[in-house]
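Heads up, entry_23.cif below (mmCIF, C-alpha atoms):
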data_protein
loop_
_atom_site.label_atom_id
_atom_site.label_comp_id
_atom_site.auth_asym_id
_atom_site.auth_seq_id
_atom_site.Cartn_x
_atom_site.Cartn_y
_atom_site.Cartn_z
CA MET Y 1 0.00 0.00 0.00
CA LYS Y 2 2.74 2.37 1.04
CA ALA Y 3 4.70 1.53 -2.09
CA VAL Y 4 1.72 2.42 -4.23
CA LYS Y 5 1.35 5.77 -2.49
CA THR Y 6 5.00 6.61 -2.97
CA ARG Y 7 4.78 5.68 -6.60
CA CYS Y 8 1.77 7.98 -6.97
CA LEU Y 9 3.60 10.86 -5.36
CA LEU Y 10 6.69 10.23 -7.48
CA SER Y 11 4.63 10.26 -10.63
CA ILE Y 12 3.36 13.74 -9.80
CA ILE Y 13 6.86 15.21 -9.63
CA PRO Y 14 7.49 15.46 -13.37
CA VAL Y 15 4.04 16.99 -13.80
CA ILE Y 16 4.86 19.63 -11.22
CA THR Y 17 8.25 20.38 -12.74
CA ILE Y 18 6.59 20.96 -16.10
CA LEU Y 19 3.76 23.07 -14.75
CA VAL Y 20 5.76 25.27 -12.42
CA PRO Y 21 7.48 27.36 -15.10
CA LEU Y 22 4.17 27.73 -16.93
CA VAL Y 23 2.50 29.16 -13.86
CA LEU Y 24 5.32 31.36 -12.64
CA HIS Y 25 6.23 33.06 -15.92
CA ALA Y 26 3.63 35.00 -17.86
CA ALA Y 27 4.11 34.24 -21.56
CA GLU Y 28 5.99 36.75 -23.71
CA PRO Y 29 3.55 38.73 -25.90
CA GLU Y 30 5.61 37.89 -29.00
CA GLU Y 31 5.16 34.22 -28.23
CA ILE Y 32 1.41 34.70 -27.77
CA ILE Y 33 1.20 36.41 -31.18
CA LYS Y 34 3.13 33.57 -32.82
CA TYR Y 35 0.98 31.00 -31.03
CA ARG Y 36 -2.26 32.61 -32.17
CA GLN Y 37 -1.01 32.91 -35.75
CA ASN Y 38 -0.14 29.23 -35.74
CA THR Y 39 -3.52 28.36 -34.25
CA MET Y 40 -5.24 30.46 -36.92
CA LYS Y 41 -3.19 28.71 -39.60
CA ALA Y 42 -4.28 25.37 -38.17
CA ILE Y 43 -7.92 26.52 -38.27
CA GLY Y 44 -7.39 27.58 -41.89
CA GLY Y 45 -5.77 24.25 -42.73
CA HIS Y 46 -8.64 22.25 -41.31
CA THR Y 47 -11.18 24.54 -42.94
CA ALA Y 48 -9.57 24.17 -46.37
CA ALA Y 49 -9.27 20.39 -45.91
CA ALA Y 50 -12.88 20.05 -44.74
CA GLY Y 51 -13.97 22.30 -47.63
CA ALA Y 52 -12.25 20.09 -50.20
CA ILE Y 53 -14.15 17.07 -48.82
CA VAL Y 54 -17.46 18.91 -48.51
CA GLN Y 55 -17.24 20.24 -52.07
CA GLY Y 56 -16.39 16.77 -53.36
CA LYS Y 57 -12.94 17.75 -54.64
CA VAL Y 58 -11.39 14.83 -52.73
CA ASP Y 59 -12.79 11.64 -51.37
CA TYR Y 60 -11.64 11.58 -47.76
CA LYS Y 61 -15.10 11.44 -46.23
CA ASN Y 62 -13.87 9.32 -43.33
CA GLN Y 63 -11.56 12.11 -42.24
CA LEU Y 64 -14.20 14.83 -42.22
CA ALA Y 65 -15.15 14.16 -38.61
CA ASP Y 66 -11.50 14.58 -37.56
CA HIS Y 67 -11.30 18.02 -39.16
CA VAL Y 68 -14.58 19.00 -37.55
CA ARG Y 69 -13.37 17.92 -34.11
CA ALA Y 70 -10.18 19.92 -34.57
CA LEU Y 71 -12.15 22.98 -35.67
CA GLN Y 72 -14.42 22.70 -32.65
CA ALA Y 73 -11.47 22.48 -30.29
CA LEU Y 74 -9.52 25.31 -31.93
CA THR Y 75 -12.44 27.74 -32.11
CA ALA Y 76 -13.62 27.05 -28.56
CA ASP Y 77 -11.97 30.19 -27.15
CA ILE Y 78 -10.77 32.57 -29.87
CA PRO Y 79 -10.83 35.67 -27.61
CA GLY Y 80 -8.43 33.79 -25.32
CA LEU Y 81 -5.86 34.03 -28.13
CA PHE Y 82 -6.04 37.84 -27.97
CA PRO Y 83 -5.14 38.76 -24.39
CA LYS Y 84 -4.43 42.35 -23.38
CA ASP Y 85 -0.96 43.60 -24.37
CA SER Y 86 -0.70 41.30 -27.39
CA ASP Y 87 -1.67 44.15 -29.72
CA PHE Y 88 1.71 45.37 -30.96
CA GLY Y 89 4.50 44.30 -33.26
CA ASP Y 90 4.07 41.59 -35.82
CA THR Y 91 0.30 41.25 -35.73
CA LYS Y 92 -2.43 42.06 -38.21
CA ALA Y 93 -5.02 42.26 -35.45
CA LYS Y 94 -6.75 45.64 -35.58
CA ASP Y 95 -7.00 47.80 -32.47
CA GLU Y 96 -10.74 47.12 -32.53
CA VAL Y 97 -10.06 43.61 -31.19
CA TRP Y 98 -9.39 45.30 -27.87
CA SER Y 99 -11.27 48.59 -28.19
CA ASN Y 100 -14.50 46.96 -29.38
CA ARG Y 101 -14.15 43.83 -27.29
CA ALA Y 102 -17.87 43.09 -26.88
CA GLU Y 103 -18.42 42.97 -30.66
CA PHE Y 104 -15.25 40.94 -31.13
CA GLU Y 105 -16.40 38.37 -28.59
CA LYS Y 106 -19.81 38.25 -30.23
CA ARG Y 107 -18.19 37.40 -33.59
CA ALA Y 108 -15.98 34.77 -32.00
CA LYS Y 109 -19.03 33.22 -30.40
CA SER Y 110 -20.87 33.18 -33.71
CA ALA Y 111 -17.90 31.37 -35.28
CA LYS Y 112 -18.07 28.80 -32.49
CA THR Y 113 -21.85 28.39 -32.96
CA ASN Y 114 -21.44 27.96 -36.71
CA VAL Y 115 -18.73 25.34 -36.25
CA ALA Y 116 -21.04 23.49 -33.83
CA ALA Y 117 -23.85 23.58 -36.40
CA PHE Y 118 -21.42 22.26 -39.03
CA ALA Y 119 -20.41 19.44 -36.68
CA LYS Y 120 -24.05 18.54 -36.18
CA ALA Y 121 -24.68 18.58 -39.91
CA VAL Y 122 -21.70 16.28 -40.53
CA GLN Y 123 -23.10 13.89 -37.92
CA GLY Y 124 -26.53 14.08 -39.55
CA GLY Y 125 -25.02 13.22 -42.92
CA ASN Y 126 -27.33 15.28 -45.15
CA PRO Y 127 -25.03 16.59 -47.91
CA GLN Y 128 -27.07 19.74 -48.52
CA THR Y 129 -27.04 20.73 -44.85
CA ILE Y 130 -23.32 19.97 -44.68
CA VAL Y 131 -22.55 22.25 -47.64
CA ALA Y 132 -24.79 25.03 -46.30
CA SER Y 133 -23.40 24.89 -42.77
CA PHE Y 134 -19.83 24.81 -44.07
CA LYS Y 135 -20.54 27.99 -46.01
CA GLU Y 136 -21.73 29.61 -42.79
CA VAL Y 137 -18.46 28.71 -41.09
CA GLY Y 138 -16.58 30.50 -43.87
CA GLU Y 139 -18.91 33.47 -43.58
CA SER Y 140 -18.06 33.87 -39.92
CA CYS Y 141 -14.33 33.74 -40.69
CA LYS Y 142 -14.74 36.46 -43.31
CA ALA Y 143 -17.08 38.57 -41.17
CA CYS Y 144 -14.56 38.69 -38.32
CA HIS Y 145 -11.55 39.29 -40.57
CA LYS Y 146 -13.48 42.11 -42.24
CA ASP Y 147 -13.68 44.21 -39.11
CA PHE Y 148 -10.87 42.94 -36.95
CA ARG Y 149 -7.93 42.05 -39.19
CA LYS Y 150 -5.80 44.36 -41.31
CA LYS Y 151 -5.87 43.65 -44.99
CA ASP Y 152 -3.11 41.64 -46.60
CA ASP Y 153 -4.91 39.70 -49.31
CA MET S 154 -55.97 55.04 -86.42
CA SER S 155 -54.93 52.23 -88.63
CA GLY S 156 -54.56 48.78 -87.18
CA ARG S 157 -50.85 48.76 -87.66
CA ALA S 158 -50.34 52.08 -85.93
CA ALA S 159 -52.47 50.90 -83.02
CA VAL S 160 -50.36 47.80 -82.64
CA LEU S 161 -47.23 49.89 -82.82
CA LEU S 162 -48.55 52.30 -80.21
CA TRP S 163 -49.53 49.42 -77.97
CA LEU S 164 -46.07 47.94 -78.36
CA VAL S 165 -44.41 51.20 -77.39
CA ILE S 166 -46.65 51.72 -74.37
CA ALA S 167 -46.41 48.13 -73.20
CA ALA S 168 -42.75 47.70 -73.86
CA SER S 169 -41.30 50.91 -72.46
CA PRO S 170 -41.82 50.28 -68.74
CA VAL S 171 -40.41 46.80 -69.18
CA LEU S 172 -37.40 48.19 -71.00
CA ALA S 173 -36.93 50.88 -68.37
CA ASP S 174 -37.05 48.18 -65.70
CA ASP S 175 -34.47 46.16 -67.59
CA VAL S 176 -32.17 49.14 -67.86
CA ARG S 177 -32.56 49.87 -64.17
CA GLN S 178 -31.84 46.27 -63.26
CA HIS S 179 -28.80 46.27 -65.51
CA GLY S 180 -27.74 49.50 -63.81
CA GLU S 181 -28.18 47.97 -60.38
CA TYR S 182 -26.01 45.00 -61.33
CA LEU S 183 -23.24 47.32 -62.55
CA PHE S 184 -23.69 49.58 -59.55
CA ARG S 185 -23.00 46.59 -57.27
CA ALA S 186 -20.15 45.31 -59.41
CA ALA S 187 -18.56 48.76 -59.33
CA GLY S 188 -18.88 48.88 -55.55
CA CYS S 189 -20.37 52.40 -55.54
CA ALA S 190 -22.13 51.84 -52.23
CA THR S 191 -18.97 50.54 -50.54
CA CYS S 192 -17.25 53.92 -50.69
CA HIS S 193 -20.31 56.18 -50.74
CA THR S 194 -21.71 54.75 -47.51
CA ASP S 195 -20.23 55.41 -44.09
CA GLU S 196 -21.06 51.94 -42.86
CA LYS S 197 -18.73 52.03 -39.88
CA ASN S 198 -20.73 54.92 -38.41
CA HIS S 199 -24.07 53.46 -39.52
CA GLY S 200 -24.43 56.01 -42.30
CA VAL S 201 -27.37 56.02 -44.71
CA PRO S 202 -26.57 54.10 -47.93
CA LEU S 203 -25.13 56.34 -50.69
CA ALA S 204 -25.25 59.48 -48.55
CA GLY S 205 -21.44 59.48 -48.41
CA GLY S 206 -19.22 60.56 -45.54
CA ARG S 207 -16.90 57.57 -45.48
CA ALA S 208 -13.32 58.55 -44.72
CA LEU S 209 -10.75 57.23 -47.20
CA LYS S 210 -7.33 57.58 -45.65
CA THR S 211 -4.62 57.71 -48.30
CA SER S 212 -0.99 58.79 -48.34
CA PHE S 213 -2.20 62.09 -49.87
CA GLY S 214 -4.68 62.92 -47.11
CA THR S 215 -8.17 61.92 -46.00
CA PHE S 216 -10.98 62.09 -48.52
CA TYR S 217 -14.63 62.06 -47.50
CA THR S 218 -16.88 60.49 -50.09
CA PRO S 219 -19.81 62.66 -51.25
CA ASN S 220 -23.55 62.07 -51.16
CA ILE S 221 -24.70 60.45 -54.42
CA THR S 222 -28.39 60.13 -53.62
CA PRO S 223 -30.72 62.26 -55.82
CA ASP S 224 -31.15 64.88 -53.09
CA PRO S 225 -31.24 68.29 -54.88
CA ASP S 226 -29.35 70.22 -52.17
CA THR S 227 -26.73 67.84 -50.84
CA GLY S 228 -26.69 65.02 -53.41
CA ILE S 229 -26.76 64.80 -57.19
CA GLY S 230 -30.46 65.63 -57.59
CA ARG S 231 -29.79 68.67 -59.79
CA TRP S 232 -27.40 66.84 -62.09
CA SER S 233 -28.29 66.05 -65.67
CA GLU S 234 -27.34 62.71 -67.16
CA ALA S 235 -24.68 64.52 -69.19
CA ASP S 236 -23.19 65.85 -65.91
CA PHE S 237 -23.03 62.34 -64.52
CA ILE S 238 -21.43 60.92 -67.63
CA ARG S 239 -18.84 63.69 -67.71
CA ALA S 240 -17.99 62.91 -64.07
CA LEU S 241 -17.40 59.25 -64.88
CA ARG S 242 -15.71 59.78 -68.24
CA GLU S 243 -13.55 62.81 -67.50
CA GLY S 244 -13.52 63.27 -63.74
CA ILE S 245 -15.10 66.72 -63.98
CA SER S 246 -17.89 68.02 -61.75
CA PRO S 247 -20.99 69.83 -63.10
CA ALA S 248 -19.37 73.08 -61.93
CA GLY S 249 -16.35 72.28 -64.11
CA GLU S 250 -13.96 71.36 -61.29
CA HIS S 251 -11.58 68.42 -61.44
CA TYR S 252 -12.25 65.52 -59.12
CA TYR S 253 -9.43 64.02 -57.10
CA PRO S 254 -8.58 60.57 -58.43
CA ALA S 255 -9.72 59.06 -55.12
CA PHE S 256 -12.88 58.89 -57.21
CA PRO S 257 -11.78 56.15 -59.63
CA TYR S 258 -12.69 57.86 -62.90
CA THR S 259 -9.40 56.53 -64.27
CA SER S 260 -11.32 53.23 -64.38
CA TYR S 261 -14.91 54.42 -64.90
CA THR S 262 -13.85 56.23 -68.06
CA ARG S 263 -13.57 52.74 -69.58
CA LEU S 264 -17.30 52.02 -69.03
CA THR S 265 -19.40 51.81 -72.19
CA ASP S 266 -22.02 54.49 -72.93
CA THR S 267 -24.80 51.93 -72.38
CA ASP S 268 -23.45 50.98 -68.98
CA GLN S 269 -22.94 54.57 -67.82
CA HIS S 270 -26.53 55.31 -68.84
CA ALA S 271 -27.82 52.25 -66.94
CA ILE S 272 -25.98 53.24 -63.76
CA TRP S 273 -27.44 56.74 -64.06
CA VAL S 274 -30.97 55.32 -64.43
CA TYR S 275 -30.49 53.15 -61.34
CA LEU S 276 -28.93 55.92 -59.23
CA SER S 277 -31.74 58.32 -60.17
CA SER S 278 -34.27 55.80 -58.88
CA ARG S 279 -32.80 55.83 -55.35
CA LYS S 280 -34.37 57.66 -52.44
CA PRO S 281 -32.95 61.16 -51.90
CA VAL S 282 -31.24 61.64 -48.55
CA GLN S 283 -30.30 65.03 -47.20
CA GLN S 284 -26.78 64.92 -45.82
CA ALA S 285 -24.19 67.61 -46.43
CA ASN S 286 -20.77 66.61 -47.74
CA LYS S 287 -17.74 66.81 -45.51
CA PRO S 288 -14.69 68.67 -46.87
CA HIS S 289 -11.57 66.58 -47.53
CA GLU S 290 -8.63 66.88 -45.16
CA LEU S 291 -5.64 67.51 -47.40
CA PRO S 292 -2.24 69.15 -47.06
CA TRP S 293 -2.21 72.78 -48.29
CA TYR S 294 -0.39 71.99 -51.53
CA LEU S 295 -3.15 69.64 -52.64
CA ARG S 296 -6.08 71.85 -51.71
CA SER S 297 -6.20 73.60 -55.07
CA ARG S 298 -7.74 71.42 -57.73
CA ALA S 299 -6.01 73.33 -60.55
CA SER S 300 -2.95 71.05 -60.47
CA LEU S 301 -5.27 68.10 -61.09
CA GLY S 302 -5.53 69.23 -64.71
CA ILE S 303 -1.80 68.56 -65.10
CA TRP S 304 -2.16 65.28 -63.25
CA LYS S 305 -4.86 64.19 -65.67
CA LYS S 306 -2.71 65.10 -68.68
CA MET S 307 -0.04 62.81 -67.27
CA PHE S 308 -2.07 59.90 -65.97
CA LEU S 309 -5.58 59.85 -67.44
CA SER S 310 -6.50 58.55 -70.84
CA THR S 311 -10.23 58.81 -71.36
CA GLY S 312 -12.41 56.54 -73.43
CA ALA S 313 -14.45 53.36 -73.22
CA PHE S 314 -12.89 49.91 -73.07
CA GLN S 315 -11.89 48.48 -76.44
CA SER S 316 -12.22 44.73 -76.69
CA GLN S 317 -9.38 42.73 -78.15
CA PRO S 318 -10.62 40.66 -81.08
CA ASP S 319 -7.84 38.07 -80.76
CA ARG S 320 -9.02 37.17 -77.24
CA SER S 321 -12.08 35.16 -76.21
CA ALA S 322 -15.38 36.79 -75.26
CA ALA S 323 -14.92 35.62 -71.65
CA TRP S 324 -11.45 37.17 -71.47
CA ASN S 325 -12.75 40.47 -72.83
CA ARG S 326 -15.65 40.43 -70.38
CA GLY S 327 -13.17 39.77 -67.55
CA ALA S 328 -10.89 42.57 -68.72
CA TYR S 329 -13.85 44.94 -68.86
CA LEU S 330 -15.10 43.99 -65.39
CA VAL S 331 -11.64 44.25 -63.83
CA ASN S 332 -10.51 47.47 -65.52
CA ALA S 333 -13.69 49.48 -66.07
CA VAL S 334 -16.23 48.28 -63.51
CA ALA S 335 -14.66 46.69 -60.42
CA HIS S 336 -11.61 49.01 -60.74
CA CYS S 337 -9.25 46.45 -59.15
CA CYS S 338 -6.15 48.32 -60.30
CA GLU S 339 -7.01 51.35 -58.16
CA CYS S 340 -5.77 49.41 -55.12
CA HIS S 341 -3.74 46.56 -56.61
CA THR S 342 -1.46 48.60 -58.89
CA PRO S 343 1.34 50.50 -57.16
CA ARG S 344 1.42 54.27 -57.64
CA ASN S 345 4.32 56.65 -58.12
CA PHE S 346 4.93 59.60 -55.79
CA LEU S 347 2.47 61.72 -57.79
CA GLY S 348 -0.27 59.15 -57.37
CA GLY S 349 -0.19 57.91 -60.95
CA PHE S 350 -0.12 54.21 -61.72
CA LYS S 351 3.19 52.50 -62.40
CA GLU S 352 2.00 51.15 -65.72
CA SER S 353 4.69 48.49 -65.96
CA ARG S 354 3.75 47.13 -62.53
CA GLN S 355 0.04 46.56 -63.17
CA PHE S 356 -1.65 44.52 -60.42
CA ALA S 357 1.67 43.82 -58.70
CA GLY S 358 0.29 44.98 -55.34
CA ASN S 359 0.87 47.96 -53.11
CA SER S 360 2.56 47.92 -49.71
CA GLU S 361 1.23 51.42 -49.04
CA GLY S 362 -2.42 50.90 -49.87
CA VAL S 363 -5.51 52.85 -48.91
CA GLU S 364 -6.34 53.04 -45.19
CA GLY S 365 -2.87 51.86 -44.26
CA THR S 366 -3.30 48.42 -45.73
CA ALA S 367 -0.97 46.16 -47.66
CA VAL S 368 -2.61 45.21 -50.94
CA SER S 369 -1.44 41.94 -52.40
CA ASN S 370 0.12 41.12 -55.72
CA ILE S 371 -2.64 39.55 -57.85
CA THR S 372 -0.52 38.70 -60.87
CA PRO S 373 0.07 34.96 -61.37
CA ASP S 374 3.65 35.11 -60.08
CA LYS S 375 4.41 31.81 -58.35
CA LYS S 376 6.50 33.27 -55.55
CA THR S 377 4.92 36.61 -54.69
CA GLY S 378 1.54 36.59 -56.46
CA ILE S 379 -1.26 34.08 -56.88
CA GLY S 380 0.57 31.85 -59.37
CA LYS S 381 0.02 28.78 -57.23
CA TRP S 382 -3.75 29.22 -57.31
CA SER S 383 -5.83 27.45 -59.91
CA GLU S 384 -8.39 29.41 -61.87
CA THR S 385 -11.10 27.58 -59.90
CA ASP S 386 -9.42 28.66 -56.64
CA LEU S 387 -9.73 32.26 -57.75
CA VAL S 388 -13.38 31.88 -58.83
CA GLU S 389 -14.12 30.45 -55.39
CA TYR S 390 -12.21 33.22 -53.62
CA LEU S 391 -14.19 35.87 -55.49
CA GLU S 392 -17.40 34.23 -54.25
CA THR S 393 -16.58 33.18 -50.68
CA GLY S 394 -13.35 34.95 -49.74
CA ALA S 395 -11.68 31.60 -49.02
CA THR S 396 -8.08 31.23 -50.17
CA PRO S 397 -6.76 27.80 -51.20
CA ASP S 398 -5.02 27.43 -47.82
CA GLY S 399 -8.21 28.06 -45.84
CA ASP S 400 -7.59 31.67 -44.92
CA TYR S 401 -10.44 34.11 -45.45
CA ALA S 402 -10.34 37.60 -46.92
CA GLY S 403 -10.49 40.43 -44.44
CA ASP S 404 -10.74 44.19 -44.14
CA ILE S 405 -11.50 46.09 -47.38
CA MET S 406 -11.26 43.01 -49.60
CA ALA S 407 -13.97 41.29 -47.52
CA GLU S 408 -16.16 44.36 -48.14
CA VAL S 409 -15.47 44.17 -51.87
CA ILE S 410 -16.38 40.48 -51.91
CA ASP S 411 -19.56 40.91 -49.85
CA ASN S 412 -20.80 44.04 -51.65
CA SER S 413 -19.64 43.32 -55.19
CA LEU S 414 -17.88 40.15 -56.29
CA ALA S 415 -20.12 37.63 -54.49
CA GLN S 416 -23.14 39.29 -56.11
CA LEU S 417 -21.94 38.81 -59.67
CA THR S 418 -23.09 35.93 -61.85
CA LYS S 419 -20.87 32.86 -61.82
CA GLU S 420 -19.98 33.51 -65.48
CA ASP S 421 -18.72 36.97 -64.59
CA ARG S 422 -16.60 35.63 -61.74
CA ARG S 423 -15.17 33.05 -64.13
CA ALA S 424 -14.44 35.77 -66.69
CA ILE S 425 -12.58 37.83 -64.08
CA ALA S 426 -10.52 34.80 -63.05
CA ALA S 427 -9.69 33.95 -66.67
CA TYR S 428 -8.48 37.50 -67.26
CA VAL S 429 -6.50 37.82 -64.01
CA MET S 430 -4.76 34.48 -64.54
CA SER S 431 -3.73 35.63 -68.03
CA LEU S 432 -1.87 38.69 -66.70
CA PRO S 433 1.91 38.73 -67.00
CA PRO S 434 3.38 37.46 -63.72
CA LEU S 435 5.32 40.18 -61.89
CA GLU S 436 7.57 39.52 -58.94
CA ASN S 437 6.79 41.93 -56.14
CA THR S 438 6.93 41.09 -52.47
CA ILE S 439 4.38 43.00 -50.44
CA HIS S 440 5.54 44.13 -47.06
CA LYS S 441 2.75 43.46 -44.64
CA ARG S 442 2.02 46.43 -42.50
CA THR S 443 1.87 45.54 -38.89
CA ASN S 444 1.13 47.56 -35.80
CA LYS S 445 3.89 49.96 -35.02
CA LYS S 446 2.90 50.27 -31.40
CA PRO S 447 5.92 49.76 -29.15
CA LYS S 448 6.17 46.76 -26.92
CA PRO S 449 4.68 47.47 -23.49
CA LYS S 450 7.28 48.10 -20.82
CA LYS S 451 7.86 45.12 -18.62
CA GLU S 452 8.44 45.67 -14.96
CA GLU S 453 11.80 44.51 -13.81
CA TYR S 454 12.13 41.53 -11.54
CA GLU S 455 8.68 40.38 -12.49
#

This entry written out as structure tokens:
Amino acid sequence: MKAVKTRCLLSIIPVITILVPLVLHAAEPEEIIKYRQNTMKAIGGHTAAAGAIVQGKVDYKNQLADHVRALQALTADIPGLFPKDSDFGDTKAKDEVWSNRAEFEKRAKSAKTNVAAFAKAVQGGNPQTIVASFKEVGESCKACHKDFRKKDD
Amino acid sequence: MSGRAAVLLWLVIAASPVLADDVRQHGEYLFRAAGCATCHTDEKNHGVPLAGGRALKTSFGTFYTPNITPDPDTGIGRWSEADFIRALREGISPAGEHYYPAFPYTSYTRLTDTDQHAIWVYLSSRKPVQQANKPHELPWYLRSRASLGIWKKMFLSTGAFQSQPDRSAAWNRGAYLVNAVAHCCECHTPRNFLGGFKESRQFAGNSEGVEGTAVSNITPDKKTGIGKWSETDLVEYLETGATPDGDYAGDIMAEVIDNSLAQLTKEDRRAIAAYVMSLPPLENTIHKRTNKKPKPKKEEYE
């Protein structure tokens, strides 16, 4: 019994050693900006991949659910990717992300809702609903980029 | 009245409202394709459509778009059709003043007579809105419009689009939509220090675009343009704003897609793509403009 307890305690040590630096040091803003750009790229990658399946350009139907799960996870907390003081330097985020926070959060929430509807449609399996709900996901990407991201395309 | 004359009269009476409707609808289509409402509406501040007031920040100063509703006092209600056509074709106001080229007459001059007439018919059918125009905010040396006459001699060639007989109908349609109607070059072609287009760098993008944006190179250059896109990719982008790598258009381009390009017929989007993909590829790296705000000061020993 005692041996088991010790083993349990020992197994926590590496977890603590990993977590401690994460808790004690606030992340560098530059790193946050890079992290959110990479997350956005991942969202874009899954969106493009899902789109190719939805539009019948490729035949990877079995993978569609994986892309949807990833999209749901990655869009769960978009405002969390834009903390205060991550609004300078190498970012295309407009000042409005912070100055018009309520609207920004509303858009992020609508993206999340649209991704959830897309997930439901994929589960339901009706091709028409899948195509329509995928379009809505894209609309929410564009709507948010329109007001909150500086042009570069 | 003879039978034939009666039939003729009936035809004229019956047909004219239908024709007028057709012209107005054609005008509305062009009006959307040309994005008139995008600039002439201050959407950010919940402005009334077409009543103007939108600020266009450029490297030459801030322009405020005018009211183009048919209001007689503050809009274009007292204009004749000839006034309107002269504005589009030559960039001259009814009072004989030159317009600043923030108003893209360098492109609208390429519209056909029929299309300019149709846009006029549609605009005249809009509801008048009383809203006074805001004066532009320009440096002193640009406040006189007299120098614009010289500018026009250097950079404006008037006249409707001429189709190229050795190219397909779709290509010509695309060229017309891009160069006369949707006026893509106004943002996507770099300008010299006088604000004229660098003709040899057509559509190669502009790092110093309107409203402080970086406007991308849309020539089919593999490295710095859209050379890796397929024509279908471009057609899709013009409709949904989705790039082949899953990014979505933002800022002004998202407005252009929502207000104009997504509302075109599929054939027209295909024509635009066919034309754009046929452009000579130009290498031009666009420097993305990022926030210049300094890094917040970190407290020591945090």

Identify all chain Y residues at most 12 Å from chain S by counting only C-alpha atoms; ligands do not count. Present them as a PyMOL selection string. chain Y and resi 24-30+33+37+39-52+55+57+84-96+134-153

Test item: the PyMOL selection byres ((chain S and resi 228) around 10) resolved as a ChimeraX atom specification: /S:203-205,219-227,229-232,281-286

As a PDB file with C-alpha atoms, in the frame of the given file, please: the residues near range 307-322 of chain S (cut-off 7 Å, all atoms listed in the file, same-chain neighbours under 6 positions excluded).
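Everything below was put into selection25.pdb:
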ATOM      1  CA  ARG S 242     -15.710  59.780 -68.240  1.00  0.00           C
ATOM      2  CA  GLU S 243     -13.550  62.810 -67.500  1.00  0.00           C
ATOM      3  CA  THR S 259      -9.400  56.530 -64.270  1.00  0.00           C
ATOM      4  CA  THR S 262     -13.850  56.230 -68.060  1.00  0.00           C
ATOM      5  CA  ARG S 263     -13.570  52.740 -69.580  1.00  0.00           C
ATOM      6  CA  LEU S 264     -17.300  52.020 -69.030  1.00  0.00           C
ATOM      7  CA  THR S 265     -19.400  51.810 -72.190  1.00  0.00           C
ATOM      8  CA  TYR S 329     -13.850  44.940 -68.860  1.00  0.00           C
ATOM      9  CA  GLY S 349      -0.190  57.910 -60.950  1.00  0.00           C
TER      10      GLY S 349
END

Tell me which residues the PyMOL selection byres ((chain S and resi 257) around 10) grabs here, as a list in words.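 With the PyMOL selection byres ((chain S and resi 257) around 10) on this model, the match is Leu241, Gly244, Tyr252, Tyr253, Pro254, Ala255, Phe256, Tyr258, Thr259, Ser260, Tyr261, Thr262, Ala333, Val334, Ala335, His336, Cys338 and Glu339 of chain S.
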
Quick one: residues within 12 Å of Phe356 in chain S, only C-alpha atoms, excluding same-chain residues fewer than 5 positions away - as a ChimeraX atom specification? /S:331-332,336-344,350-351,368-374,377-379,428-437,439

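When CA of Lys112 in chain Y is paired with CA of Thr75 in chain Y, their separation reads 5.7 Å.
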
When the PyMOL selection byres ((chain S and resi 421) around 12) is applied to the file above, which residues end up in the set, as a PyMOL selection string? chain S and resi 182-183+186+322-331+334-335+388+391-392+413-420+422-428

Please list as a list in words every residue within 10 Å of range 127-131 of chain Y, counting all atoms listed in the file and excluding residues in the same chain fewer than 2 positions away.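 After dropping sequence-adjacent residues, the list is Gly51, Ile53, Val54, Gln55, Ala117, Phe118, Ala119, Lys120, Ala121, Val122, Gln123, Gly124, Gly125, Ser133, Phe134, Lys135 and Glu136 of chain Y.
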
Pull C-alpha atoms from the residues just selected and write them as a CSV table (one decimal), in the coordinates of the input.
chain,number,residue,atom,x,y,z
Y,51,GLY,CA,-14.0,22.3,-47.6
Y,53,ILE,CA,-14.2,17.1,-48.8
Y,54,VAL,CA,-17.5,18.9,-48.5
Y,55,GLN,CA,-17.2,20.2,-52.1
Y,117,ALA,CA,-23.8,23.6,-36.4
Y,118,PHE,CA,-21.4,22.3,-39.0
Y,119,ALA,CA,-20.4,19.4,-36.7
Y,120,LYS,CA,-24.0,18.5,-36.2
Y,121,ALA,CA,-24.7,18.6,-39.9
Y,122,VAL,CA,-21.7,16.3,-40.5
Y,123,GLN,CA,-23.1,13.9,-37.9
Y,124,GLY,CA,-26.5,14.1,-39.6
Y,125,GLY,CA,-25.0,13.2,-42.9
Y,133,SER,CA,-23.4,24.9,-42.8
Y,134,PHE,CA,-19.8,24.8,-44.1
Y,135,LYS,CA,-20.5,28.0,-46.0
Y,136,GLU,CA,-21.7,29.6,-42.8

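Counting all atoms listed in the file and comparing S:Glu250, S:Asp175, S:Glu389, S:Asp195, the residue that lies closest to Thr218 in chain S is S:Asp195.
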
Near Arg185 in chain S, counting all atoms listed in the file, which residues have an atom at most 7 Å away, once you skip same-chain residues fewer than 4 positions from it, shown as a list in words? Glu181, Cys189, Asn412 and Ser413 of chain S

Counting only C-alpha atoms, note down every residue that has an atom within 10 Å of the point (-30.0, 52.3, -47.1) (file coordinates), as JSON, numbers by chain. {"S": [190, 194, 196, 199, 200, 201, 202, 203, 204, 279, 280, 282]}

Interatomic distance, CA of Tyr60 in chain Y to CA of Ser383 in chain S (Å, one decimal):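 A separation of 20.8 Å between them.
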
Do you have the CA of Glu234 in chain S-CA of Val274 in chain S distance handy?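 We find that CA of Glu234 in chain S and CA of Val274 in chain S lie 8.7 Å from each other.
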